Structure formats: structure tokens, C-alpha cells
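final_28.cif follows; it contains mmCIF, C-alpha atoms.
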```cif
data_model
loop_
_atom_site.label_atom_id
_atom_site.label_comp_id
_atom_site.auth_asym_id
_atom_site.auth_seq_id
_atom_site.Cartn_x
_atom_site.Cartn_y
_atom_site.Cartn_z
CA MET A 1342 0.00 0.00 0.00
CA VAL A 1343 2.87 2.33 0.95
CA GLY A 1344 4.60 1.45 -2.35
CA GLY A 1345 1.45 2.39 -4.30
CA MET A 1346 1.13 5.67 -2.42
CA GLN A 1347 4.81 6.43 -2.98
CA GLU A 1348 4.44 5.75 -6.71
CA ARG A 1349 1.38 7.99 -6.93
CA LEU A 1350 3.11 10.80 -5.07
CA CYS A 1351 6.16 10.60 -7.35
CA GLU A 1352 3.96 10.73 -10.45
CA LEU A 1353 2.00 13.66 -9.02
CA GLU A 1354 5.19 15.56 -8.21
CA SER A 1355 6.62 15.02 -11.67
CA LEU A 1356 3.30 15.96 -13.25
CA THR A 1357 3.09 19.18 -11.20
CA ARG A 1358 6.63 20.19 -12.22
CA ASP A 1359 5.91 19.50 -15.90
CA TYR A 1360 2.58 21.33 -15.79
CA ALA A 1361 4.14 24.31 -13.97
CA ARG A 1362 6.73 24.73 -16.76
CA TYR A 1363 3.98 26.11 -19.01
CA SER A 1364 3.60 29.12 -16.71
CA ARG A 1365 7.12 30.36 -17.28
CA SER A 1366 9.86 28.46 -19.08
CA ALA A 1367 7.84 26.54 -21.70
CA GLY A 1368 5.79 28.50 -24.21
CA GLY A 1369 4.69 25.75 -26.61
CA LEU A 1370 2.69 27.19 -29.49
CA ALA A 1371 3.14 30.71 -28.03
CA SER A 1372 6.89 30.31 -28.56
CA VAL A 1373 6.28 29.11 -32.12
CA LEU A 1374 4.14 32.21 -32.67
CA GLY A 1375 6.82 34.45 -31.13
CA GLY A 1376 9.45 32.95 -33.44
CA VAL A 1377 7.25 33.41 -36.50
CA PHE A 1378 6.48 37.01 -35.48
CA CYS A 1379 10.19 37.71 -34.98
CA LEU A 1380 11.10 36.30 -38.43
CA SER A 1381 8.21 38.19 -40.04
CA SER A 1382 9.19 41.46 -38.39
CA TYR A 1383 12.83 41.03 -39.45
CA LEU A 1384 12.13 40.08 -43.06
CA LEU A 1385 9.05 42.19 -43.81
CA GLY A 1386 10.48 45.25 -42.05
CA GLY A 1387 13.81 44.95 -43.82
CA LEU A 1388 12.71 43.92 -47.31
CA LEU A 1389 9.32 45.50 -48.01
CA PRO A 1390 8.56 49.21 -48.48
CA LEU A 1391 7.22 50.54 -45.17
CA THR A 1392 3.60 51.41 -45.90
CA PRO A 1393 1.56 52.84 -42.98
CA LEU A 1394 -0.41 49.59 -42.75
CA LEU A 1395 2.73 47.46 -42.55
CA ARG A 1396 4.21 49.77 -39.91
CA ILE A 1397 1.10 49.56 -37.75
CA GLY A 1398 1.05 45.79 -38.11
CA LEU A 1399 4.72 45.41 -37.13
CA VAL A 1400 4.43 47.86 -34.22
CA ALA A 1401 1.47 45.86 -32.88
CA LEU A 1402 3.29 42.49 -33.11
CA PRO A 1403 4.93 42.47 -29.63
CA LEU A 1404 1.67 43.36 -27.92
CA VAL A 1405 -0.29 40.81 -29.95
CA TRP A 1406 2.31 38.18 -29.06
CA LEU A 1407 2.16 38.89 -25.32
CA LEU A 1408 -1.62 38.82 -25.39
CA ALA A 1409 -1.68 35.54 -27.37
CA ARG A 1410 0.87 34.06 -24.99
CA TRP A 1411 -1.15 34.99 -21.90
CA SER A 1412 -4.30 33.65 -23.51
CA MET A 1413 -2.68 30.33 -24.51
CA VAL A 1414 -1.32 29.76 -21.01
CA HIS A 1415 -4.65 30.37 -19.29
CA ARG A 1416 -7.03 28.90 -21.85
CA TYR A 1417 -5.02 25.96 -23.16
CA TYR A 1418 -1.82 24.94 -21.36
CA GLN A 1419 -3.00 25.61 -17.81
CA ARG A 1420 -6.73 25.31 -18.13
CA LEU A 1421 -6.90 23.05 -15.05
CA GLY A 1422 -5.73 25.99 -12.93
CA HIS A 1423 -2.68 28.18 -12.74
CA VAL A 1424 0.49 26.61 -11.32
CA GLU A 1425 3.52 28.91 -11.14
CA GLU A 1426 6.87 27.27 -11.83
CA GLN A 1427 9.63 27.50 -9.24
CA GLU A 1428 12.57 29.63 -10.28
CA GLY A 1429 16.16 28.56 -9.52
CA THR A 1430 18.67 31.04 -8.12
CA ALA A 1431 20.68 31.16 -11.39
CA GLU A 1432 17.53 31.74 -13.48
CA HIS A 1433 16.40 34.44 -11.07
CA ARG A 1434 19.75 36.23 -11.30
CA THR A 1435 19.86 35.99 -15.12
CA HIS A 1436 16.36 37.39 -15.37
CA ARG A 1437 17.15 40.28 -13.03
CA LEU A 1438 20.31 41.04 -15.02
CA CYS A 1439 18.40 41.09 -18.34
CA VAL A 1440 15.69 43.35 -16.93
CA GLY A 1441 18.38 45.57 -15.39
CA VAL A 1442 20.06 45.98 -18.79
CA THR A 1443 16.77 46.98 -20.46
CA LEU A 1444 16.10 49.42 -17.61
CA VAL A 1445 19.52 51.08 -18.05
CA VAL A 1446 19.05 51.25 -21.84
CA ALA A 1447 15.57 52.79 -21.46
CA ALA A 1448 16.91 55.36 -18.98
CA LEU A 1449 19.86 56.23 -21.26
CA GLN A 1450 17.57 56.60 -24.28
CA THR A 1451 15.25 58.93 -22.35
CA VAL A 1452 18.09 61.03 -20.92
CA SER A 1453 19.73 61.20 -24.35
CA ALA A 1454 16.47 62.38 -25.97
CA LEU A 1455 16.07 65.06 -23.29
CA MET A 1456 19.69 66.23 -23.44
CA HIS A 1457 19.78 66.48 -27.22
CA GLY A 1458 16.58 68.48 -27.20
CA VAL A 1459 14.69 66.05 -29.43
CA GLN A 1460 11.39 67.67 -30.40
CA PRO A 1461 8.47 65.77 -28.86
CA SER A 1462 6.49 64.13 -31.66
CA PRO A 1463 4.08 61.16 -31.74
CA GLY A 1464 6.88 59.02 -33.23
CA VAL A 1465 9.41 59.86 -30.50
CA THR A 1466 6.81 59.48 -27.76
CA ALA A 1467 5.78 56.06 -29.11
CA TYR A 1468 9.48 55.09 -29.38
CA LEU A 1469 10.16 55.93 -25.71
CA ALA A 1470 6.88 54.34 -24.59
CA LEU A 1471 7.82 51.07 -26.30
CA VAL A 1472 11.33 51.12 -24.82
CA TRP A 1473 9.85 51.50 -21.31
CA LEU A 1474 7.15 48.93 -22.06
CA LEU A 1475 9.95 46.48 -22.88
CA VAL A 1476 11.26 46.85 -19.32
CA LEU A 1477 7.82 46.00 -17.92
CA ALA A 1478 7.31 43.11 -20.38
CA GLY A 1479 10.79 41.76 -19.61
CA TRP A 1480 10.17 41.85 -15.89
CA ARG A 1481 6.68 40.35 -16.02
CA TRP A 1482 6.51 38.00 -19.01
CA LEU A 1483 9.85 37.38 -20.75
CA ARG A 1484 11.25 34.86 -18.28
CA SER A 1485 13.40 32.52 -20.42
CA PRO A 1486 16.51 33.73 -22.32
CA LEU A 1487 15.00 32.92 -25.74
CA ASP A 1488 11.74 34.68 -24.88
CA PHE A 1489 13.81 37.64 -23.79
CA VAL A 1490 15.87 37.85 -27.01
CA VAL A 1491 12.81 37.53 -29.24
CA GLY A 1492 10.81 39.97 -27.09
CA VAL A 1493 13.63 42.52 -27.15
CA PHE A 1494 13.76 42.32 -30.95
CA LEU A 1495 10.01 42.69 -31.40
CA PHE A 1496 9.86 45.71 -29.07
CA CYS A 1497 13.02 47.36 -30.46
CA GLN A 1498 11.92 46.82 -34.07
CA ALA A 1499 8.52 48.32 -33.19
CA ALA A 1500 10.21 51.29 -31.48
CA LEU A 1501 12.49 51.89 -34.48
CA LEU A 1502 9.50 51.70 -36.85
CA CYS A 1503 7.88 54.53 -34.88
CA VAL A 1504 10.76 56.80 -35.90
CA GLY A 1505 10.87 55.48 -39.48
CA ARG A 1506 13.77 53.04 -39.16
CA VAL A 1507 14.25 49.25 -39.07
CA TYR A 1508 16.94 46.70 -38.30
CA PRO A 1509 18.76 46.00 -41.59
CA VAL A 1510 18.49 42.58 -43.21
CA ILE A 1511 21.88 41.05 -43.97
CA GLY A 1512 23.10 41.67 -47.53
CA THR A 1513 20.64 44.46 -48.32
CA SER A 1514 23.05 47.36 -47.92
CA ALA A 1515 26.11 48.03 -50.09
CA ALA A 1516 27.66 50.30 -47.44
CA LEU A 1517 30.45 48.58 -45.51
CA ASP A 1518 29.69 50.43 -42.24
CA ALA A 1519 26.22 48.84 -42.16
CA LEU A 1520 27.72 45.34 -41.86
CA PRO A 1521 28.22 45.26 -38.04
CA MET A 1522 24.57 46.19 -37.44
CA GLU A 1523 23.41 43.67 -40.07
CA LEU A 1524 25.44 40.94 -38.35
CA LEU A 1525 24.09 41.91 -34.94
CA ALA A 1526 20.52 41.93 -36.24
CA LEU A 1527 21.10 38.45 -37.73
CA LEU A 1528 21.13 37.09 -34.16
CA PHE A 1529 17.40 37.73 -33.86
CA PRO A 1530 16.10 35.53 -36.72
CA LEU A 1531 18.49 32.80 -35.58
CA ALA A 1532 17.04 33.03 -32.06
CA ALA A 1533 13.57 32.98 -33.63
CA LEU A 1534 14.32 29.70 -35.44
CA LEU A 1535 15.57 28.17 -32.18
CA MET A 1536 12.44 29.39 -30.47
CA VAL A 1537 10.16 27.79 -33.06
CA ALA A 1538 11.99 24.47 -32.64
CA ARG A 1539 11.82 24.69 -28.84
CA GLY A 1540 8.16 25.68 -28.91
CA MET A 1541 7.28 22.67 -31.03
CA ALA A 1542 9.20 20.33 -28.70
CA ASP A 1543 7.42 21.88 -25.67
CA HIS A 1544 4.08 21.43 -27.36
CA ARG A 1545 4.79 17.73 -28.05
CA ARG A 1546 5.72 17.33 -24.37
CA PHE A 1547 2.47 19.01 -23.42
CA LEU A 1548 0.44 16.54 -25.49
CA GLN A 1549 2.09 13.71 -23.52
CA LEU A 1550 1.46 15.59 -20.26
CA ARG A 1551 -2.20 15.96 -21.18
CA GLU A 1552 -2.45 12.17 -21.58
CA ARG A 1553 -0.84 11.66 -18.17
CA LEU A 1554 -3.22 14.16 -16.59
CA LEU A 1555 -6.19 12.44 -18.18
CA ARG A 1556 -5.03 9.04 -16.87
CA LEU A 1557 -4.56 10.48 -13.38
CA ARG A 1558 -7.99 12.14 -13.36
CA ASN A 1559 -9.62 8.90 -14.57
CA ALA A 1560 -7.81 6.96 -11.83
CA VAL A 1561 -8.88 9.52 -9.22
CA ALA A 1562 -12.48 9.47 -10.49
CA GLY A 1563 -12.44 5.65 -10.35
CA GLU A 1564 -11.33 5.72 -6.70
CA SER A 1565 -13.99 8.20 -5.58
CA MET B 659 16.70 -2.09 16.23
CA ASN B 660 14.39 -3.26 19.04
CA ALA B 661 10.60 -3.10 18.98
CA PRO B 662 10.04 -0.14 21.38
CA SER B 663 12.32 2.20 19.42
CA ARG B 664 10.58 1.18 16.18
CA ILE B 665 7.24 2.03 17.76
CA GLY B 666 8.76 5.32 18.87
CA GLU B 667 9.73 6.15 15.30
CA VAL B 668 6.24 5.36 14.01
CA MET B 669 4.76 7.53 16.78
CA ALA B 670 7.18 10.32 15.92
CA LEU B 671 5.77 10.67 12.38
CA ASP B 672 4.22 14.09 11.93
CA ARG B 673 0.47 13.41 12.09
CA LEU B 674 -0.34 16.63 10.26
CA VAL B 675 1.68 15.46 7.25
CA HIS B 676 0.99 11.73 7.62
CA GLU B 677 -2.66 11.94 6.53
CA PRO B 678 -2.70 10.84 2.82
CA ALA B 679 -4.72 13.81 1.50
CA ARG B 680 -2.51 16.34 3.26
CA LEU B 681 0.62 14.52 2.16
CA LEU B 682 -0.61 14.70 -1.43
CA ILE B 683 -1.35 18.43 -1.10
CA LEU B 684 2.11 19.13 0.30
CA ALA B 685 3.77 17.02 -2.40
CA VAL B 686 2.06 19.08 -5.12
CA LEU B 687 2.80 22.42 -3.45
CA ALA B 688 6.45 21.52 -2.90
CA ASN B 689 6.96 21.28 -6.66
CA ALA B 690 5.66 24.70 -7.64
CA LYS B 691 5.95 28.28 -6.49
CA GLU B 692 2.19 28.81 -6.32
CA VAL B 693 -0.77 26.55 -7.08
CA GLU B 694 -4.36 27.45 -7.80
CA PHE B 695 -6.94 25.61 -5.67
CA ARG B 696 -8.68 24.40 -8.86
CA PHE B 697 -5.58 22.42 -9.94
CA LEU B 698 -5.32 20.68 -6.56
CA GLU B 699 -9.00 19.81 -6.75
CA GLN B 700 -8.52 18.24 -10.20
CA VAL B 701 -5.44 16.15 -9.42
CA SER B 702 -6.31 15.09 -5.88
CA GLY B 703 -9.87 13.95 -6.57
CA LEU B 704 -10.93 15.49 -3.24
CA SER B 705 -14.17 17.44 -2.93
CA LYS B 706 -14.01 21.22 -2.46
CA GLY B 707 -15.10 20.93 1.18
CA ASN B 708 -12.68 18.15 2.00
CA LEU B 709 -9.81 19.96 0.34
CA SER B 710 -10.66 23.21 2.14
CA SER B 711 -10.74 21.42 5.47
CA HIS B 712 -7.27 19.90 4.90
CA MET B 713 -5.97 23.27 3.66
CA SER B 714 -7.20 24.96 6.83
CA LYS B 715 -5.41 22.41 8.99
CA LEU B 716 -2.17 22.85 7.02
CA GLU B 717 -2.53 26.64 7.18
CA ALA B 718 -3.16 26.53 10.93
CA GLY B 719 -0.02 24.39 11.30
CA GLY B 720 1.97 27.02 9.38
CA LEU B 721 2.83 24.59 6.56
CA VAL B 722 1.04 26.44 3.77
CA GLU B 723 -0.01 30.00 2.94
CA VAL B 724 -3.43 30.66 1.43
CA LYS B 725 -4.05 33.77 -0.66
CA LYS B 726 -7.62 34.67 -1.56
CA SER B 727 -8.46 37.23 -4.23
CA PHE B 728 -10.69 37.73 -7.27
CA ARG B 729 -10.02 37.20 -10.99
CA GLY B 730 -12.69 39.36 -12.52
CA LYS B 731 -15.81 38.36 -10.61
CA ARG B 732 -14.58 34.85 -9.80
CA PRO B 733 -12.96 34.08 -6.45
CA LEU B 734 -9.39 32.85 -6.77
CA THR B 735 -7.58 30.82 -4.11
CA GLU B 736 -3.84 30.33 -4.46
CA LEU B 737 -1.66 28.26 -2.20
CA ARG B 738 2.02 28.05 -1.55
CA ILE B 739 4.11 25.90 0.75
CA THR B 740 6.06 27.68 3.50
CA ALA B 741 9.66 26.99 4.49
CA ALA B 742 8.29 25.15 7.55
CA GLY B 743 6.09 23.10 5.21
CA ARG B 744 9.06 22.08 3.07
CA LYS B 745 11.00 21.08 6.16
CA ALA B 746 8.07 19.12 7.59
CA LEU B 747 7.67 17.23 4.30
CA ALA B 748 11.39 16.44 4.06
CA ASP B 749 11.51 15.32 7.71
CA TYR B 750 8.42 13.18 7.22
CA ARG B 751 9.92 11.47 4.17
CA GLN B 752 13.13 10.77 6.05
CA SER B 753 11.29 9.35 9.07
CA LEU B 754 9.02 7.21 6.92
CA ALA B 755 11.97 5.84 4.95
CA MET B 756 13.68 4.91 8.22
CA VAL B 757 10.57 3.15 9.54
CA MET B 758 10.15 1.27 6.25
CA ARG B 759 13.79 0.15 6.30
CA GLU B 760 13.45 -1.25 9.80
CA LEU B 761 10.11 -2.96 9.20
CA PRO B 762 10.57 -6.77 9.18
CA THR B 763 9.28 -8.63 6.13
CA PRO B 764 6.36 -11.03 6.93
CA GLY B 765 8.35 -14.12 5.86
CA VAL B 766 11.19 -13.32 8.24
CA VAL B 767 8.78 -12.85 11.16
CA ALA B 768 7.07 -16.19 10.46
CA LYS B 769 10.43 -18.05 10.43
CA ARG B 770 11.43 -16.46 13.76
CA LYS B 771 8.16 -17.65 15.35
#
```

So, in terms of C-alpha cells, how does the structure I just supplied come out?
Amino acid sequence: MVGGMQERLCELESLTRDYARYSRSAGGLASVLGGVFCLSSYLLGGLLPLTPLLRIGLVALPLVWLLARWSMVHRYYQRLGHVEEQEGTAEHRTHRLCVGVTLVVAALQTVSALMHGVQPSPGVTAYLALVWLLVLAGWRWLRSPLDFVVGVFLFCQAALLCVGRVYPVIGTSAALDALPMELLALLFPLAALLMVARGMADHRRFLQLRERLLRLRNAVAGES
Amino acid sequence: MNAPSRIGEVMALDRLVHEPARLLILAVLANAKEVEFRFLEQVSGLSKGNLSSHMSKLEAGGLVEVKKSFRGKRPLTELRITAAGRKALADYRQSLAMVMRELPTPGVVAKRK
């Protein structure tokens, strides 16, 4: 009897840990969506002429992604009730460091705009608002390193679009001094591809988890 | 180990944790930062009333924290294990493992008789 209880407890513990991952470190289809959004923003922003409609669409992408992510967690991955994943000390420190960096960058951007006497315009205001929104999004929602990289790109691309600029796509500029920025920007679509792959793997794991949950609930229902 | 000390170990098991439903609740809470009541209800198979009663006992013993709020118009109950709860669970597991190790197998007892 004790053996059976022990086995059930172990399964329940493992199931809780796996289920809790979908609150923080595993995004599943939301990660796939984030990766696709990141690739779209990089390619469409860099290759197509920036019509007002395209600009609005690309500026809205980070917010649409965060909303879709929140919705998927609550309505699909954790529909049995919210379970918050435990955070290790190393993960906690990394997250604080990343948020700290975005906070410093946002503060520097704001101070720089004030010191250089940049004329307040809707574009500049939207730029600064998005830079500060990134700090909030990073602190609250972008918990894993890949989420953070992709989120930073989506927000920064949106902020740049507000002032009529974009991250350059590699090979699109003949100027040699554009190459460092093009190479730096290339990191983002690579991270997006990794994120799509990870999201699909997480989703497959979730389908197995759902089966385990169903078996457990049937067993529990059979007992009572 | 002699019989009286074995009995002593069994008696020393934390009764608050030893009850199967409460043990199950603590095992779930120990593997997450925060757990919604609804999830515990689904995986434990306990009724709302039964679960609430066990939660109250664990809260009174200082092993869990209960946070009540609202999500929109719906009441939301979230639970988390305290440091004392983690320690109690770890101590209980250790004690139980010790008792199980010392427990004679039925065949061995029969031969001795």
C-alpha cells in the first residue's frame, strides 16, 4: 500500500513540475508564434517598403504576441488551474540582469532624448513608450533567455519603426559600415528559429502531459 | 533495532503530514511556487469541502499559505508551501523511509516464530 502511495506521489510531483513549466519556461505554441512574429518582423520590415499599414502591423506584433501568450497559457496549457513554476537562483539572477540591462538602456535613451533636445512628436513618444514597455514586459513576461531575445527584438523593431527606421536585413546594404549592425541583427532571426523548434518540442511534451493528466484524473475518479 | 524504538519512530511521524490527502497536497505544493486551488482539486480527486478542510489544517499548522483574491468576478484561491512546510515534508519522508527500512518482512517474522 505504501509502495502504491509512494508511486502515486512521485507521479503527481513530476506531473506538477511538468505542468508548472507552461507558466514560465515553456511556451509551446506561443513560442512558435513568437518565433514566427520575430522572423516576419525582421524580413518584412527589412525587405518591403514601409507602408503605414505594414508599420502599424509590425508595431502591434509584440503586444499581440504577449496577449496571445497569456491567452494560450490560461485557456489551453493551464486550463486546469494556474500553477507557477519554481525559479532557480541562477535563473532568477539571469532574469534580473536582463531586466536591469533593459532598464539602463531605457533610462539612457530617455536622458539622451532630453539632453539632445529632441522635439516631442508622436513618433518619438511612441518610441520611448515602447522602450519602457519592454522593461515591464521583460520583468513580467519574458522569463526565459530565448523569450527575452525575441521579445527585445520585437519591441526594439517596433520602437524603431515609430521613428521610421528598421533593423537592416543582412546583404541588403552596399555600405560597408552597415555590416556590423546587419550581423548583430542576424542574431534575432536565428534566435527565432531556435524558439520555433523549442516551442514545437514543448508542445509535443504538453500533449504527452495531457495524456498523463487524463489518466490520473480517470484513476482519481475511479477511486472516488 | 528493538521493537520499542521502532514504535517510537512510528509515533514520531508528523500526524499533520501523515494523513494521505494532506501529504498529497504538500507534495504538489512543494513542486511549484504557487498553485491554484482548482488544480489541486482536479489532481487530488478530493471534494471542495474536503480539500478546504485539509488546507485549513495545514494553514493553521503554518505549513502552507493561502491567498484569496478575485479574478474578474470569480474568487481565486492560491496556495504556496512555506519553508516550515518544506522542512516538515522532508523530515516526514526521512522518518518514513527509516521506519520502512526497519520494518521486518512477513516471511522473516514467520520463520522467527

Subject >> Shell around A:Trp1411 at 10 Å using only C-alpha atoms, local window under 6 positions removed, as JSON, numbers by chain >> reply: {"A": [1364, 1368, 1371, 1405, 1417, 1482]}

Subject >> Residues matched by the PyMOL selection byres ((chain B) within 10 of (chain A)) as number ranges by chain >> reply: B: 678, 681-705, 734, 736-738, 754, 758

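Rounded to one decimal, atom CA of A:Pro1463 and atom CA of A:Ser1412 lie 29.9 Å from each other.
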
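Atom CA of A:Val1476 sits 5.7 Å away from atom CA of A:Leu1444.
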
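The spacing separating atom CA of B:Asp749 from atom CA of B:Arg680 amounts to 14.7 Å.
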
Subject >> Cut-off 8 Å around (8.9, 34.1, -32.0) with only C-alpha atoms: residues as a ChimeraX atom specification >> reply: /A:1371-1380,1488,1491-1492,1533-1534,1536-1537

**OP:** Mind checking which residues fall within 7 Å of stretch 1510-1527 of chain A, counting only C-alpha atoms, ignoring those fewer than 4 positions away in the same chain, and posting them as a list in words?
**Re:** Tyr1383, Leu1384, Gly1387 and Leu1531 of chain A

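For B:Met713, the set of protein, DNA and RNA residues having any atom at most 10 Å away, when counting only C-alpha atoms and skipping those fewer than 3 positions along the same chain, is Ala679, Arg680, Ile683, Leu684, Phe695, Gly707, Asn708, Leu709, Ser710, Leu716, Glu717, Ala718, Gly719, Leu721, Val722, Glu723, Val724 and Leu737 of chain B.
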
**OP:** Would you kindly translate the PyMOL selection byres ((chain B and resi 745) around 12) into the concrete residues it picks from this file, as a PyMOL selection string?
**Re:** chain B and resi 672+675+684-685+688+720-722+739-744+746-752

List the neighbours of A:Leu1438 out to 12 Å using only C-alpha atoms; skip same-chain residues closer than 6 positions along the sequence, and give me the result as a PDB file with C-alpha atoms, in the frame of the given file.
```pdb
ATOM      1  CA  ALA A1431      20.680  31.160 -11.390  1.00  0.00           C
ATOM      2  CA  GLU A1432      17.530  31.740 -13.480  1.00  0.00           C
ATOM      3  CA  LEU A1444      16.100  49.420 -17.610  1.00  0.00           C
ATOM      4  CA  VAL A1445      19.520  51.080 -18.050  1.00  0.00           C
ATOM      5  CA  VAL A1476      11.260  46.850 -19.320  1.00  0.00           C
ATOM      6  CA  GLY A1479      10.790  41.760 -19.610  1.00  0.00           C
ATOM      7  CA  TRP A1480      10.170  41.850 -15.890  1.00  0.00           C
ATOM      8  CA  ARG A1484      11.250  34.860 -18.280  1.00  0.00           C
ATOM      9  CA  PRO A1486      16.510  33.730 -22.320  1.00  0.00           C
ATOM     10  CA  PHE A1489      13.810  37.640 -23.790  1.00  0.00           C
TER      11      PHE A1489
END
```

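What the PyMOL selection byres ((chain A and resi 1473) around 10) picks from this file is A:Thr1443, A:Leu1444, A:Val1446, A:Ala1447, A:Ala1448, A:Gln1450, A:Thr1451, A:Ala1467, A:Tyr1468, A:Leu1469, A:Ala1470, A:Leu1471, A:Val1472, A:Leu1474, A:Leu1475, A:Val1476, A:Leu1477, A:Ala1478, A:Gly1479, A:Phe1496.
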
Model the absent atoms of stretch 1491-1515 of chain A so that N, CA and C atoms are present, and write the result as a PDB file, in the coordinates of the input.
```pdb
ATOM      1  N   VAL A1491      13.847  37.298 -28.227  1.00  0.00           N
ATOM      2  CA  VAL A1491      12.810  37.530 -29.240  1.00  0.00           C
ATOM      3  C   VAL A1491      11.932  38.731 -28.852  1.00  0.00           C
ATOM      4  N   GLY A1492      11.603  38.830 -27.567  1.00  0.00           N
ATOM      5  CA  GLY A1492      10.810  39.970 -27.090  1.00  0.00           C
ATOM      6  C   GLY A1492      11.534  41.281 -27.290  1.00  0.00           C
ATOM      7  N   VAL A1493      12.833  41.293 -26.975  1.00  0.00           N
ATOM      8  CA  VAL A1493      13.630  42.520 -27.150  1.00  0.00           C
ATOM      9  C   VAL A1493      13.610  42.943 -28.620  1.00  0.00           C
ATOM     10  N   PHE A1494      13.773  41.960 -29.527  1.00  0.00           N
ATOM     11  CA  PHE A1494      13.760  42.320 -30.950  1.00  0.00           C
ATOM     12  C   PHE A1494      12.420  42.898 -31.373  1.00  0.00           C
ATOM     13  N   LEU A1495      11.340  42.217 -30.982  1.00  0.00           N
ATOM     14  CA  LEU A1495      10.010  42.690 -31.400  1.00  0.00           C
ATOM     15  C   LEU A1495       9.732  44.106 -30.903  1.00  0.00           C
ATOM     16  N   PHE A1496      10.088  44.369 -29.638  1.00  0.00           N
ATOM     17  CA  PHE A1496       9.860  45.710 -29.070  1.00  0.00           C
ATOM     18  C   PHE A1496      10.780  46.746 -29.719  1.00  0.00           C
ATOM     19  N   CYS A1497      12.075  46.383 -29.902  1.00  0.00           N
ATOM     20  CA  CYS A1497      13.020  47.360 -30.460  1.00  0.00           C
ATOM     21  C   CYS A1497      12.683  47.660 -31.928  1.00  0.00           C
ATOM     22  N   GLN A1498      12.305  46.614 -32.672  1.00  0.00           N
ATOM     23  CA  GLN A1498      11.920  46.820 -34.070  1.00  0.00           C
ATOM     24  C   GLN A1498      10.682  47.739 -34.143  1.00  0.00           C
ATOM     25  N   ALA A1499       9.731  47.489 -33.237  1.00  0.00           N
ATOM     26  CA  ALA A1499       8.520  48.320 -33.190  1.00  0.00           C
ATOM     27  C   ALA A1499       8.880  49.763 -32.852  1.00  0.00           C
ATOM     28  N   ALA A1500       9.800  49.932 -31.875  1.00  0.00           N
ATOM     29  CA  ALA A1500      10.210  51.290 -31.480  1.00  0.00           C
ATOM     30  C   ALA A1500      10.905  51.992 -32.641  1.00  0.00           C
ATOM     31  N   LEU A1501      11.785  51.284 -33.335  1.00  0.00           N
ATOM     32  CA  LEU A1501      12.490  51.890 -34.480  1.00  0.00           C
ATOM     33  C   LEU A1501      11.510  52.277 -35.587  1.00  0.00           C
ATOM     34  N   LEU A1502      10.511  51.414 -35.812  1.00  0.00           N
ATOM     35  CA  LEU A1502       9.500  51.700 -36.850  1.00  0.00           C
ATOM     36  C   LEU A1502       8.749  53.004 -36.557  1.00  0.00           C
ATOM     37  N   CYS A1503       8.583  53.295 -35.268  1.00  0.00           N
ATOM     38  CA  CYS A1503       7.880  54.530 -34.880  1.00  0.00           C
ATOM     39  C   CYS A1503       8.646  55.777 -35.330  1.00  0.00           C
ATOM     40  N   VAL A1504       9.985  55.646 -35.449  1.00  0.00           N
ATOM     41  CA  VAL A1504      10.760  56.800 -35.900  1.00  0.00           C
ATOM     42  C   VAL A1504      11.273  56.593 -37.338  1.00  0.00           C
ATOM     43  N   GLY A1505      10.597  55.658 -38.055  1.00  0.00           N
ATOM     44  CA  GLY A1505      10.870  55.480 -39.480  1.00  0.00           C
ATOM     45  C   GLY A1505      12.124  54.690 -39.822  1.00  0.00           C
ATOM     46  N   ARG A1506      12.594  53.868 -38.868  1.00  0.00           N
ATOM     47  CA  ARG A1506      13.770  53.040 -39.160  1.00  0.00           C
ATOM     48  C   ARG A1506      13.473  51.575 -38.867  1.00  0.00           C
ATOM     49  N   VAL A1507      14.386  50.686 -39.364  1.00  0.00           N
ATOM     50  CA  VAL A1507      14.250  49.250 -39.070  1.00  0.00           C
ATOM     51  C   VAL A1507      15.638  48.645 -38.915  1.00  0.00           C
ATOM     52  N   TYR A1508      15.678  47.444 -38.332  1.00  0.00           N
ATOM     53  CA  TYR A1508      16.940  46.700 -38.300  1.00  0.00           C
ATOM     54  C   TYR A1508      17.233  46.227 -39.725  1.00  0.00           C
ATOM     55  N   PRO A1509      18.466  46.393 -40.217  1.00  0.00           N
ATOM     56  CA  PRO A1509      18.760  46.000 -41.590  1.00  0.00           C
ATOM     57  C   PRO A1509      18.883  44.485 -41.755  1.00  0.00           C
ATOM     58  N   VAL A1510      18.362  44.004 -42.885  1.00  0.00           N
ATOM     59  CA  VAL A1510      18.490  42.580 -43.210  1.00  0.00           C
ATOM     60  C   VAL A1510      19.867  42.381 -43.834  1.00  0.00           C
ATOM     61  N   ILE A1511      20.522  41.299 -43.491  1.00  0.00           N
ATOM     62  CA  ILE A1511      21.880  41.050 -43.970  1.00  0.00           C
ATOM     63  C   ILE A1511      21.923  41.011 -45.512  1.00  0.00           C
ATOM     64  N   GLY A1512      22.896  41.693 -46.076  1.00  0.00           N
ATOM     65  CA  GLY A1512      23.100  41.670 -47.530  1.00  0.00           C
ATOM     66  C   GLY A1512      22.269  42.685 -48.292  1.00  0.00           C
ATOM     67  N   THR A1513      21.493  43.514 -47.597  1.00  0.00           N
ATOM     68  CA  THR A1513      20.640  44.460 -48.320  1.00  0.00           C
ATOM     69  C   THR A1513      21.295  45.834 -48.495  1.00  0.00           C
ATOM     70  N   SER A1514      22.395  46.052 -47.792  1.00  0.00           N
ATOM     71  CA  SER A1514      23.050  47.360 -47.920  1.00  0.00           C
ATOM     72  C   SER A1514      24.444  47.184 -48.523  1.00  0.00           C
ATOM     73  N   ALA A1515      24.786  48.096 -49.450  1.00  0.00           N
ATOM     74  CA  ALA A1515      26.110  48.030 -50.090  1.00  0.00           C
ATOM     75  C   ALA A1515      27.166  48.703 -49.204  1.00  0.00           C
TER      76      ALA A1515
END
```
